[in-house]
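Participant: run_21.pdb (PDB, C-alpha atoms) pasted underneath:
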```pdb
MODEL        1
ATOM      1  CA  MET A 600      15.692 -96.786  -4.463
ATOM      2  CA  MET A 601      13.606 -93.905  -5.876
ATOM      3  CA  GLY A 602      10.434 -95.948  -5.489
ATOM      4  CA  ARG A 603      11.133 -96.651  -1.817
ATOM      5  CA  TRP A 604      11.869 -92.918  -1.236
ATOM      6  CA  LEU A 605       8.592 -91.851  -2.852
ATOM      7  CA  ALA A 606       6.673 -94.455  -0.878
ATOM      8  CA  SER A 607       8.271 -93.181   2.318
ATOM      9  CA  ARG A 608       7.335 -89.572   1.499
ATOM     10  CA  THR A 609       3.751 -90.579   0.674
ATOM     11  CA  LYS A 610       3.427 -92.547   3.884
ATOM     12  CA  GLN A 611       4.823 -89.610   5.863
ATOM     13  CA  HIS A 612       2.221 -87.226   4.448
ATOM     14  CA  GLN A 613      -0.600 -89.696   4.979
ATOM     15  CA  THR A 614       0.152 -90.368   8.619
ATOM     16  CA  GLY A 615       1.702 -87.095   9.833
ATOM     17  CA  PRO A 616      -0.084 -84.458  11.951
ATOM     18  CA  LEU A 617      -0.810 -82.401   8.831
ATOM     19  CA  ALA A 618      -2.339 -85.257   6.814
ATOM     20  CA  ALA A 619      -5.635 -83.373   6.430
ATOM     21  CA  VAL A 620      -3.933 -80.108   5.402
ATOM     22  CA  GLN A 621      -2.082 -79.639   2.129
ATOM     23  CA  THR A 622       1.164 -77.825   2.911
ATOM     24  CA  PRO A 623       4.431 -77.319   1.048
ATOM     25  CA  SER A 624       7.199 -79.725   1.998
ATOM     26  CA  ASN A 625       9.139 -76.971   3.806
ATOM     27  CA  ALA A 626       6.164 -75.805   5.931
ATOM     28  CA  GLY A 627       4.559 -76.670   9.220
ATOM     29  CA  ALA A 628       1.633 -75.445  11.284
ATOM     30  CA  LEU A 629       1.315 -73.435  14.473
ATOM     31  CA  SER A 630      -1.752 -73.674  16.687
ATOM     32  CA  CYS A 631      -3.054 -72.576  20.067
ATOM     33  CA  ARG A 632      -6.284 -72.184  21.995
ATOM     34  CA  VAL A 633      -6.825 -68.768  23.585
ATOM     35  CA  ILE A 634      -8.730 -68.874  26.864
ATOM     36  CA  SER A 635      -9.590 -66.623  29.797
ATOM     37  CA  PRO A 636      -8.444 -67.236  33.398
ATOM     38  CA  ALA A 637     -11.871 -68.880  33.909
ATOM     39  CA  ASN A 638     -11.027 -71.383  31.124
ATOM     40  CA  ASP A 639     -13.559 -69.856  28.718
ATOM     41  CA  PRO A 640     -12.580 -69.541  25.034
ATOM     42  CA  VAL A 641     -11.761 -66.045  23.798
ATOM     43  CA  PRO A 642     -13.193 -65.682  20.281
ATOM     44  CA  ASN A 643     -11.952 -62.998  17.871
ATOM     45  CA  ALA A 644      -8.642 -62.616  19.712
ATOM     46  CA  ARG A 645      -6.060 -61.085  17.366
ATOM     47  CA  CYS A 646      -3.136 -63.443  16.683
ATOM     48  CA  THR A 647      -0.020 -62.251  14.847
ATOM     49  CA  ILE A 648       2.932 -64.390  13.767
ATOM     50  CA  SER A 649       6.107 -62.416  13.054
ATOM     51  CA  ASP A 650       9.609 -63.496  12.119
ATOM     52  CA  THR A 651      12.838 -62.833  14.010
ATOM     53  CA  VAL A 652      13.221 -59.320  12.520
ATOM     54  CA  GLY A 653       9.639 -58.310  13.327
ATOM     55  CA  ARG A 654       7.984 -58.752   9.918
ATOM     56  CA  THR A 655       4.378 -59.951  10.096
ATOM     57  CA  LEU A 656       3.750 -63.221   8.240
ATOM     58  CA  VAL A 657       0.237 -64.114   9.381
ATOM     59  CA  GLU A 658      -2.463 -62.152  11.164
ATOM     60  CA  GLY A 659      -5.941 -63.404  12.019
ATOM     61  CA  GLY A 660      -8.514 -64.032  14.701
ATOM     62  CA  THR A 661      -9.479 -66.994  16.837
ATOM     63  CA  ASP A 662     -12.634 -68.942  15.991
ATOM     64  CA  PRO A 663     -15.693 -69.182  18.308
ATOM     65  CA  PHE A 664     -13.853 -71.862  20.306
ATOM     66  CA  GLY A 665     -10.778 -69.699  20.811
ATOM     67  CA  THR A 666      -8.663 -71.719  18.354
ATOM     68  CA  PHE A 667      -6.066 -70.299  15.979
ATOM     69  CA  VAL A 668      -4.164 -72.330  13.347
ATOM     70  CA  ALA A 669      -1.791 -71.076  10.665
ATOM     71  CA  THR A 670       0.617 -72.680   8.195
ATOM     72  CA  VAL A 671       4.040 -71.040   7.826
ATOM     73  CA  PRO A 672       7.465 -71.979   6.465
ATOM     74  CA  ALA A 673       9.649 -73.831   8.936
ATOM     75  CA  GLY A 674      11.543 -71.422  11.150
ATOM     76  CA  GLU A 675      11.688 -69.354  14.342
ATOM     77  CA  TYR A 676       8.755 -67.049  15.094
ATOM     78  CA  ARG A 677       7.037 -64.976  17.738
ATOM     79  CA  LEU A 678       3.305 -65.231  18.360
ATOM     80  CA  ALA A 679       1.488 -62.178  19.753
ATOM     81  CA  VAL A 680      -2.071 -62.476  21.050
ATOM     82  CA  SER A 681      -4.319 -59.562  22.005
ATOM     83  CA  ALA A 682      -7.990 -59.197  22.898
ATOM     84  CA  GLU A 683     -10.189 -56.451  24.284
ATOM     85  CA  GLY A 684     -10.042 -56.387  28.079
ATOM     86  CA  TYR A 685      -6.918 -58.577  28.352
ATOM     87  CA  LEU A 686      -3.196 -57.983  28.655
ATOM     88  CA  PRO A 687      -1.163 -58.735  25.492
ATOM     89  CA  TYR A 688       0.578 -62.113  25.331
ATOM     90  CA  ARG A 689       3.790 -62.894  23.419
ATOM     91  CA  VAL A 690       5.718 -66.132  23.117
ATOM     92  CA  PRO A 691       8.569 -67.427  20.888
ATOM     93  CA  CYS A 692       7.913 -70.602  18.930
ATOM     94  CA  THR A 693       9.604 -72.955  16.501
ATOM     95  CA  VAL A 694       7.897 -74.533  13.496
ATOM     96  CA  THR A 695       9.518 -77.533  11.798
ATOM     97  CA  GLU A 696       8.732 -79.158   8.458
ATOM     98  CA  ASN A 697       5.617 -81.325   8.228
ATOM     99  CA  SER A 698       4.825 -80.927  11.918
ATOM    100  CA  LEU A 699       2.283 -79.251  14.116
ATOM    101  CA  ALA A 700       3.748 -76.871  16.693
ATOM    102  CA  SER A 701       0.963 -76.710  19.269
ATOM    103  CA  LEU A 702       1.286 -74.123  22.008
ATOM    104  CA  GLY A 703      -1.681 -75.611  23.832
ATOM    105  CA  ASP A 704      -3.753 -73.220  25.941
ATOM    106  CA  VAL A 705      -2.746 -69.559  25.899
ATOM    107  CA  ILE A 706      -4.249 -68.016  29.033
ATOM    108  CA  LEU A 707      -4.848 -64.261  28.764
ATOM    109  CA  GLN A 708      -4.818 -62.239  31.961
ATOM    110  CA  ALA A 709      -7.492 -59.582  32.496
ATOM    111  CA  ALA A 710      -6.272 -56.019  32.002
ATOM    112  CA  GLN A 711      -6.566 -53.530  34.830
ATOM    113  CA  PRO A 712      -9.709 -51.462  34.188
ATOM    114  CA  LEU A 713      -9.124 -47.814  33.333
ATOM    115  CA  GLU A 714      -9.992 -45.193  35.927
ATOM    116  CA  MET A 715     -13.455 -43.776  35.241
ATOM    117  CA  PRO A 716     -14.350 -40.075  35.404
ATOM    118  CA  ALA A 717     -15.856 -38.776  38.651
ATOM    119  CA  PRO A 718     -19.669 -38.554  38.761
ATOM    120  CA  GLY A 719     -21.003 -35.162  37.724
ATOM    121  CA  ASP A 720     -21.559 -33.000  34.662
ATOM    122  CA  TRP A 721     -18.822 -32.914  32.031
ATOM    123  CA  GLU A 722     -18.736 -30.965  28.771
ATOM    124  CA  ILE A 723     -17.095 -31.562  25.408
ATOM    125  CA  ASP A 724     -13.929 -29.536  24.873
ATOM    126  CA  LEU A 725     -14.456 -28.286  21.318
ATOM    127  CA  ALA A 726     -10.802 -27.291  20.899
ATOM    128  CA  HIS A 727      -9.676 -30.888  21.423
ATOM    129  CA  SER A 728     -12.583 -32.834  19.908
ATOM    130  CA  SER A 729     -13.716 -33.544  16.362
ATOM    131  CA  ILE A 730     -16.685 -34.984  14.484
ATOM    132  CA  SER A 731     -15.809 -36.217  11.010
ATOM    133  CA  CYS A 732     -17.743 -38.127   8.373
ATOM    134  CA  THR A 733     -16.825 -40.118   5.288
ATOM    135  CA  ALA A 734     -19.012 -40.871   2.264
ATOM    136  CA  ARG A 735     -18.391 -43.138  -0.708
ATOM    137  CA  HIS A 736     -18.036 -41.156  -3.955
ATOM    138  CA  ILE A 737     -18.586 -42.548  -7.484
ATOM    139  CA  GLY A 738     -18.311 -46.102  -6.218
ATOM    140  CA  LEU A 739     -14.582 -46.099  -5.433
ATOM    141  CA  ALA A 740     -13.345 -42.856  -3.900
ATOM    142  CA  ARG A 741     -14.171 -41.339  -0.505
ATOM    143  CA  VAL A 742     -15.020 -37.782   0.444
ATOM    144  CA  HIS A 743     -14.113 -36.648   3.961
ATOM    145  CA  GLY A 744     -15.807 -33.871   5.893
ATOM    146  CA  ARG A 745     -16.212 -32.543   9.405
ATOM    147  CA  PHE A 746     -18.525 -30.404  11.504
ATOM    148  CA  ASN A 747     -16.690 -27.384  12.847
ATOM    149  CA  SER A 748     -19.268 -26.332  15.456
ATOM    150  CA  PHE A 749     -20.873 -28.541  18.093
ATOM    151  CA  ALA A 750     -21.405 -28.790  21.837
ATOM    152  CA  GLY A 751     -22.290 -31.520  24.275
ATOM    153  CA  VAL A 752     -22.655 -32.448  27.905
ATOM    154  CA  VAL A 753     -22.269 -35.781  29.667
ATOM    155  CA  ARG A 754     -23.834 -36.519  33.041
ATOM    156  CA  ILE A 755     -21.727 -39.270  34.578
ATOM    157  CA  THR A 756     -23.325 -41.335  37.325
ATOM    158  CA  ASP A 757     -21.999 -43.800  39.905
ATOM    159  CA  ASP A 758     -23.585 -46.537  37.787
ATOM    160  CA  ALA A 759     -21.807 -45.947  34.469
ATOM    161  CA  THR A 760     -24.608 -47.674  32.533
ATOM    162  CA  GLN A 761     -26.947 -44.831  33.543
ATOM    163  CA  THR A 762     -24.666 -42.103  32.178
ATOM    164  CA  ALA A 763     -26.526 -39.640  29.914
ATOM    165  CA  MET A 764     -25.213 -37.614  26.973
ATOM    166  CA  HIS A 765     -26.654 -34.816  24.827
ATOM    167  CA  VAL A 766     -24.785 -33.531  21.757
ATOM    168  CA  VAL A 767     -25.889 -30.668  19.478
ATOM    169  CA  ILE A 768     -24.193 -30.190  16.093
ATOM    170  CA  ASP A 769     -24.497 -27.069  13.938
ATOM    171  CA  ALA A 770     -25.517 -28.699  10.645
ATOM    172  CA  GLY A 771     -24.430 -25.635   8.682
ATOM    173  CA  SER A 772     -20.851 -26.043   9.886
ATOM    174  CA  ILE A 773     -20.268 -28.998   7.542
ATOM    175  CA  ASP A 774     -16.880 -28.579   5.893
ATOM    176  CA  THR A 775     -15.468 -30.775   3.103
ATOM    177  CA  ASN A 776     -12.928 -28.179   1.991
ATOM    178  CA  MET A 777     -14.924 -27.353  -1.160
ATOM    179  CA  ARG A 778     -17.427 -24.483  -1.028
ATOM    180  CA  MET A 779     -19.682 -25.644  -3.867
ATOM    181  CA  ARG A 780     -20.035 -29.120  -2.379
ATOM    182  CA  ASP A 781     -20.617 -27.725   1.130
ATOM    183  CA  ASP A 782     -23.390 -25.453  -0.177
ATOM    184  CA  HIS A 783     -25.032 -28.482  -1.783
ATOM    185  CA  LEU A 784     -24.783 -30.456   1.454
ATOM    186  CA  ARG A 785     -26.487 -27.588   3.309
ATOM    187  CA  SER A 786     -29.345 -27.529   0.787
ATOM    188  CA  ALA A 787     -32.667 -29.375   0.933
ATOM    189  CA  ASP A 788     -31.081 -32.230  -1.051
ATOM    190  CA  PHE A 789     -29.081 -33.223   2.022
ATOM    191  CA  LEU A 790     -29.032 -31.573   5.463
ATOM    192  CA  ASP A 791     -31.622 -28.847   4.715
ATOM    193  CA  VAL A 792     -30.094 -26.520   7.300
ATOM    194  CA  ALA A 793     -32.645 -23.777   6.586
ATOM    195  CA  GLN A 794     -35.375 -25.933   8.174
ATOM    196  CA  PHE A 795     -33.238 -28.122  10.451
ATOM    197  CA  PRO A 796     -30.238 -26.106  11.663
ATOM    198  CA  THR A 797     -29.086 -28.675  14.208
ATOM    199  CA  ILE A 798     -28.369 -32.392  14.461
ATOM    200  CA  GLU A 799     -28.921 -33.782  17.966
ATOM    201  CA  PHE A 800     -28.156 -36.984  19.819
ATOM    202  CA  TYR A 801     -29.649 -38.045  23.155
ATOM    203  CA  SER A 802     -28.261 -41.210  24.735
ATOM    204  CA  ASP A 803     -30.611 -43.739  26.358
ATOM    205  CA  ARG A 804     -28.070 -46.057  27.938
ATOM    206  CA  PHE A 805     -24.443 -47.152  27.996
ATOM    207  CA  VAL A 806     -24.005 -50.913  27.549
ATOM    208  CA  PRO A 807     -20.615 -52.451  28.500
ATOM    209  CA  ARG A 808     -19.162 -54.777  25.861
ATOM    210  CA  GLY A 809     -16.138 -55.886  27.832
ATOM    211  CA  GLY A 810     -12.798 -54.256  28.400
ATOM    212  CA  ASN A 811     -12.984 -50.556  27.592
ATOM    213  CA  ARG A 812     -15.635 -50.774  24.863
ATOM    214  CA  TRP A 813     -19.216 -49.643  25.242
ATOM    215  CA  ASP A 814     -22.337 -49.456  23.100
ATOM    216  CA  VAL A 815     -23.913 -46.023  23.475
ATOM    217  CA  ILE A 816     -27.546 -46.389  22.423
ATOM    218  CA  GLY A 817     -29.688 -43.338  21.846
ATOM    219  CA  GLU A 818     -31.845 -41.253  19.546
ATOM    220  CA  LEU A 819     -30.368 -39.257  16.683
ATOM    221  CA  TRP A 820     -32.375 -36.358  15.226
ATOM    222  CA  LEU A 821     -31.391 -35.410  11.671
ATOM    223  CA  ARG A 822     -33.571 -33.435   9.218
ATOM    224  CA  GLY A 823     -36.432 -33.699  11.706
ATOM    225  CA  VAL A 824     -36.313 -37.509  11.668
ATOM    226  CA  ALA A 825     -35.485 -39.472  14.840
ATOM    227  CA  ARG A 826     -33.863 -42.895  14.682
ATOM    228  CA  THR A 827     -32.328 -45.143  17.324
ATOM    229  CA  VAL A 828     -28.613 -45.574  16.644
ATOM    230  CA  THR A 829     -25.789 -47.423  18.394
ATOM    231  CA  LEU A 830     -22.394 -45.783  18.786
ATOM    232  CA  ASP A 831     -19.304 -47.963  19.224
ATOM    233  CA  MET A 832     -17.318 -46.214  21.964
ATOM    234  CA  GLU A 833     -13.795 -47.005  23.108
ATOM    235  CA  TYR A 834     -12.948 -45.357  26.423
ATOM    236  CA  LEU A 835      -9.267 -44.357  26.382
ATOM    237  CA  GLY A 836      -8.905 -43.237  29.983
ATOM    238  CA  LEU A 837      -8.567 -40.290  32.319
ATOM    239  CA  THR A 838      -5.705 -37.793  32.175
ATOM    240  CA  ASN A 839      -4.824 -34.199  33.056
ATOM    241  CA  GLY A 840      -4.575 -31.205  30.726
ATOM    242  CA  MET A 841      -2.012 -28.408  30.530
ATOM    243  CA  GLN A 842      -3.626 -26.573  33.440
ATOM    244  CA  GLY A 843      -3.932 -29.715  35.548
ATOM    245  CA  GLU A 844      -7.641 -30.130  34.775
ATOM    246  CA  ALA A 845      -9.130 -33.623  34.561
ATOM    247  CA  ARG A 846      -9.893 -34.879  31.053
ATOM    248  CA  ALA A 847     -11.680 -38.047  29.961
ATOM    249  CA  VAL A 848     -10.967 -39.271  26.438
ATOM    250  CA  CYS A 849     -12.914 -41.578  24.141
ATOM    251  CA  ARG A 850     -13.204 -42.529  20.490
ATOM    252  CA  VAL A 851     -16.601 -43.190  18.883
ATOM    253  CA  THR A 852     -17.635 -44.624  15.503
ATOM    254  CA  THR A 853     -20.923 -45.480  13.821
ATOM    255  CA  GLU A 854     -22.434 -45.923  10.362
ATOM    256  CA  LEU A 855     -25.597 -44.160   9.254
ATOM    257  CA  HIS A 856     -27.874 -45.015   6.341
ATOM    258  CA  ARG A 857     -28.935 -41.875   4.516
ATOM    259  CA  ASP A 858     -32.392 -43.177   3.598
ATOM    260  CA  ASP A 859     -33.206 -43.694   7.299
ATOM    261  CA  PHE A 860     -33.187 -39.906   7.650
ATOM    262  CA  GLN A 861     -34.782 -39.110   4.280
ATOM    263  CA  VAL A 862     -31.476 -37.923   2.849
ATOM    264  CA  SER A 863     -32.217 -39.662  -0.427
ATOM    265  CA  TRP A 864     -30.804 -37.347  -3.082
ATOM    266  CA  GLN A 865     -28.954 -39.318  -5.733
ATOM    267  CA  THR A 866     -27.701 -39.055  -9.263
ATOM    268  CA  MET A 867     -26.399 -41.920 -11.340
ATOM    269  CA  LEU A 868     -23.278 -41.824 -13.434
ATOM    270  CA  ALA A 869     -22.298 -43.959 -16.406
ATOM    271  CA  ARG A 870     -22.873 -47.697 -16.057
ATOM    272  CA  GLY A 871     -25.275 -47.158 -13.170
ATOM    273  CA  ILE A 872     -22.682 -46.000 -10.632
ATOM    274  CA  ALA A 873     -24.150 -43.906  -7.804
ATOM    275  CA  ALA A 874     -22.531 -40.515  -7.251
ATOM    276  CA  VAL A 875     -22.957 -40.803  -3.476
ATOM    277  CA  GLY A 876     -22.936 -44.005  -1.422
ATOM    278  CA  PRO A 877     -25.917 -45.043   0.724
ATOM    279  CA  THR A 878     -24.042 -44.961   4.044
ATOM    280  CA  ILE A 879     -22.021 -42.405   5.989
ATOM    281  CA  ARG A 880     -19.274 -43.380   8.401
ATOM    282  CA  VAL A 881     -18.964 -41.113  11.428
ATOM    283  CA  ASP A 882     -15.768 -40.883  13.507
ATOM    284  CA  ILE A 883     -15.718 -38.855  16.718
ATOM    285  CA  ASP A 884     -12.739 -38.060  18.940
ATOM    286  CA  VAL A 885     -13.870 -36.560  22.224
ATOM    287  CA  GLN A 886     -12.255 -34.992  25.257
ATOM    288  CA  VAL A 887     -14.608 -33.986  28.061
ATOM    289  CA  VAL A 888     -13.778 -31.778  31.044
ATOM    290  CA  PRO A 889     -15.737 -31.033  34.233
ATOM    291  CA  GLN A 890     -18.420 -28.455  33.545
ATOM    292  CA  SER A 891     -17.609 -25.101  35.103
TER     293      SER A 891
ENDMDL
END
```
Here is a file; write its structure as structure tokens.
Facilitator:
Amino acid sequence: MMGRWLASRTKQHQTGPLAAVQTPSNAGALSCRVISPANDPVPNARCTISDTVGRTLVEGGTDPFGTFVATVPAGEYRLAVSAEGYLPYRVPCTVTENSLASLGDVILQAAQPLEMPAPGDWEIDLAHSSISCTARHIGLARVHGRFNSFAGVVRITDDATQTAMHVVIDAGSIDTNMRMRDDHLRSADFLDVAQFPTIEFYSDRFVPRGGNRWDVIGELWLRGVARTVTLDMEYLGLTNGMQGEARAVCRVTTELHRDDFQVSWQTMLARGIAAVGPTIRVDIDVQVVPQS
């Protein structure tokens, strides 16, 4: 009797839909293919499987063909799918033991594009904007800082790709909440504010990446050195302020390599650990208002 039972179990695993995937006996698989309304695959779509009380079990992205597959214990779940430029998609699903629960094609619908700012000159509202930076410290920790003084203008055109931006940062306004460290950052070892009091960025072009994301490509001047950099910008939309004024909001990130701008000061700690990391992450939250 036991021999026949084992043979049956072996045969089941050899011929079942999960024969090529080793899974526990109480598990099954969930799969889908995420596509656009034009039947094109949507790669890197975010897929999240949660249980009936909302706890996330699996989270991952679709492959270049839009496919997502995950193994989970048998049970009731909800699959959520999201991708830049598309409306979120949610569907309940049931996974049974030693089976493949295929949802087939998940068709994402295009999201309504956000309203764009009116053509004209806009300026950064310093009171509601920030420029922060993060550096790796002694290999593990991070040090956070910000620039407290900056200004910028954006000339928005009918063709958004031709929009131009100029930002000027007071290099001496660096603030990491520690005076000794800030004085060192202002010295010739780092920003050298005595010779180069400002950091400036001039955009060359805005390149749409789909949805509300743009690449802002331009020239960054730091310590007298100019380099072409790409900013990852997420446009968050148009709203109105407390006085009824129009406001456009965006979030920008980029990563800079210190050596590109001759900011090469370094000291090594025990076991060859660098005191300061080679890259700086920059995070910018911006609100712009029509220039008066």
Participant: Would you be able to write out as a PyMOL selection string which residues have an atom within 12 Å of (-14.6, -69.8, 13.5) in the file's coordinates, counting all atoms listed in the file?
Facilitator: chain A and resi 640-644+659-668
Participant: Would you mind reading off the distance between atom CA of A:Cys849 and atom CA of A:Ile798, one decimal, in Å?
Facilitator: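 These atoms are spaced 20.4 Å apart.
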Participant: Of the candidates A:Gln711, A:Thr693, A:Ser748, A:Ser649, which shows the shortest atom-to-atom distance to A:Ala628, using only C-alpha atoms?
Facilitator: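 Checking each of A:Gln711, A:Thr693, A:Ser748, A:Ser649 against A:Ala628, counting only C-alpha atoms, the winner is A:Thr693.
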Participant: On this structure, the PyMOL selection byres ((chain A and resi 773) around 12) would catch which residues? List them as a PyMOL selection string, sorted by chain and number.
Facilitator: chain A and resi 729-733+743-749+768-772+774-786+789-792+796-798
Participant: As a check of understanding, name the residues that the PyMOL selection byres ((chain A and resi 623) around 9) selects in the supplied structure, as a list in words.
Facilitator: Gln621, Thr622, Ser624, Asn625, Ala626, Gly627, Pro672, Glu696 and Asn697 of chain A
Participant: For A:Asp803, which residue among A:Thr760, A:Asp831, A:Thr670, A:Glu844 is the nearest when counting only C-alpha atoms?
Facilitator: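 The answer is A:Thr760, which sits nearest to A:Asp803.
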Participant: Pick out the closest residue to A:Met832 from this set: A:Val806, A:Leu656, A:Ile755, A:Ala669. Count all atoms listed in the file.
Facilitator: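 Smallest separation from A:Met832 among the options: A:Val806.
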Participant: Give me, please, the distance in Å between atom CA of A:Trp813 and atom CA of A:Cys646, quoted to one decimal.
Facilitator: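 Taking atom CA of A:Trp813 as the start and atom CA of A:Cys646 as the end point, the length is 22.9 Å.
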Participant: At what distance in Å, to one decimal, does atom CA of A:Pro807 lie from atom CA of A:Arg632?
Facilitator: 25.2 Å
Participant: Which residues, named as in the file, does the PyMOL selection byres ((chain A and resi 689) around 6) pick out? Answer as number ranges by chain.
Facilitator: A: 678-679, 688, 690
Participant: Of the candidates A:Val752, A:Ala759, A:Leu686, A:Leu819, which shows the shortest atom-to-atom distance to A:Ser891, using all atoms listed in the file?
Facilitator: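 Of all the options, A:Val752 lies closest to A:Ser891.
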Participant: Taking into account only C-alpha atoms, which residue in the set A:Gln708, A:Met715, A:Thr762, A:Asp650 is nearest to A:Ala637?
Facilitator: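 So, comparing all the options, the nearest one is A:Gln708.
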Participant: Nearest to A:Glu818 among A:Ser635, A:Val862, A:Gly751, A:Val766, with distances taken over all atoms listed in the file: which residue is it?
Facilitator: A:Val766
Participant: Give me the box for stretch 766-777 of chain A as AutoDock Vina command-line options, namely the centre and edge lengths in Å to one decimal of a box along x, y and z that holds every listed atom plus 8 Å on each side.
Facilitator:
```
--center_x -19.4 --center_y -29.6 --center_z 10.3 --size_x 29.0 --size_y 23.9 --size_z 38.9
```
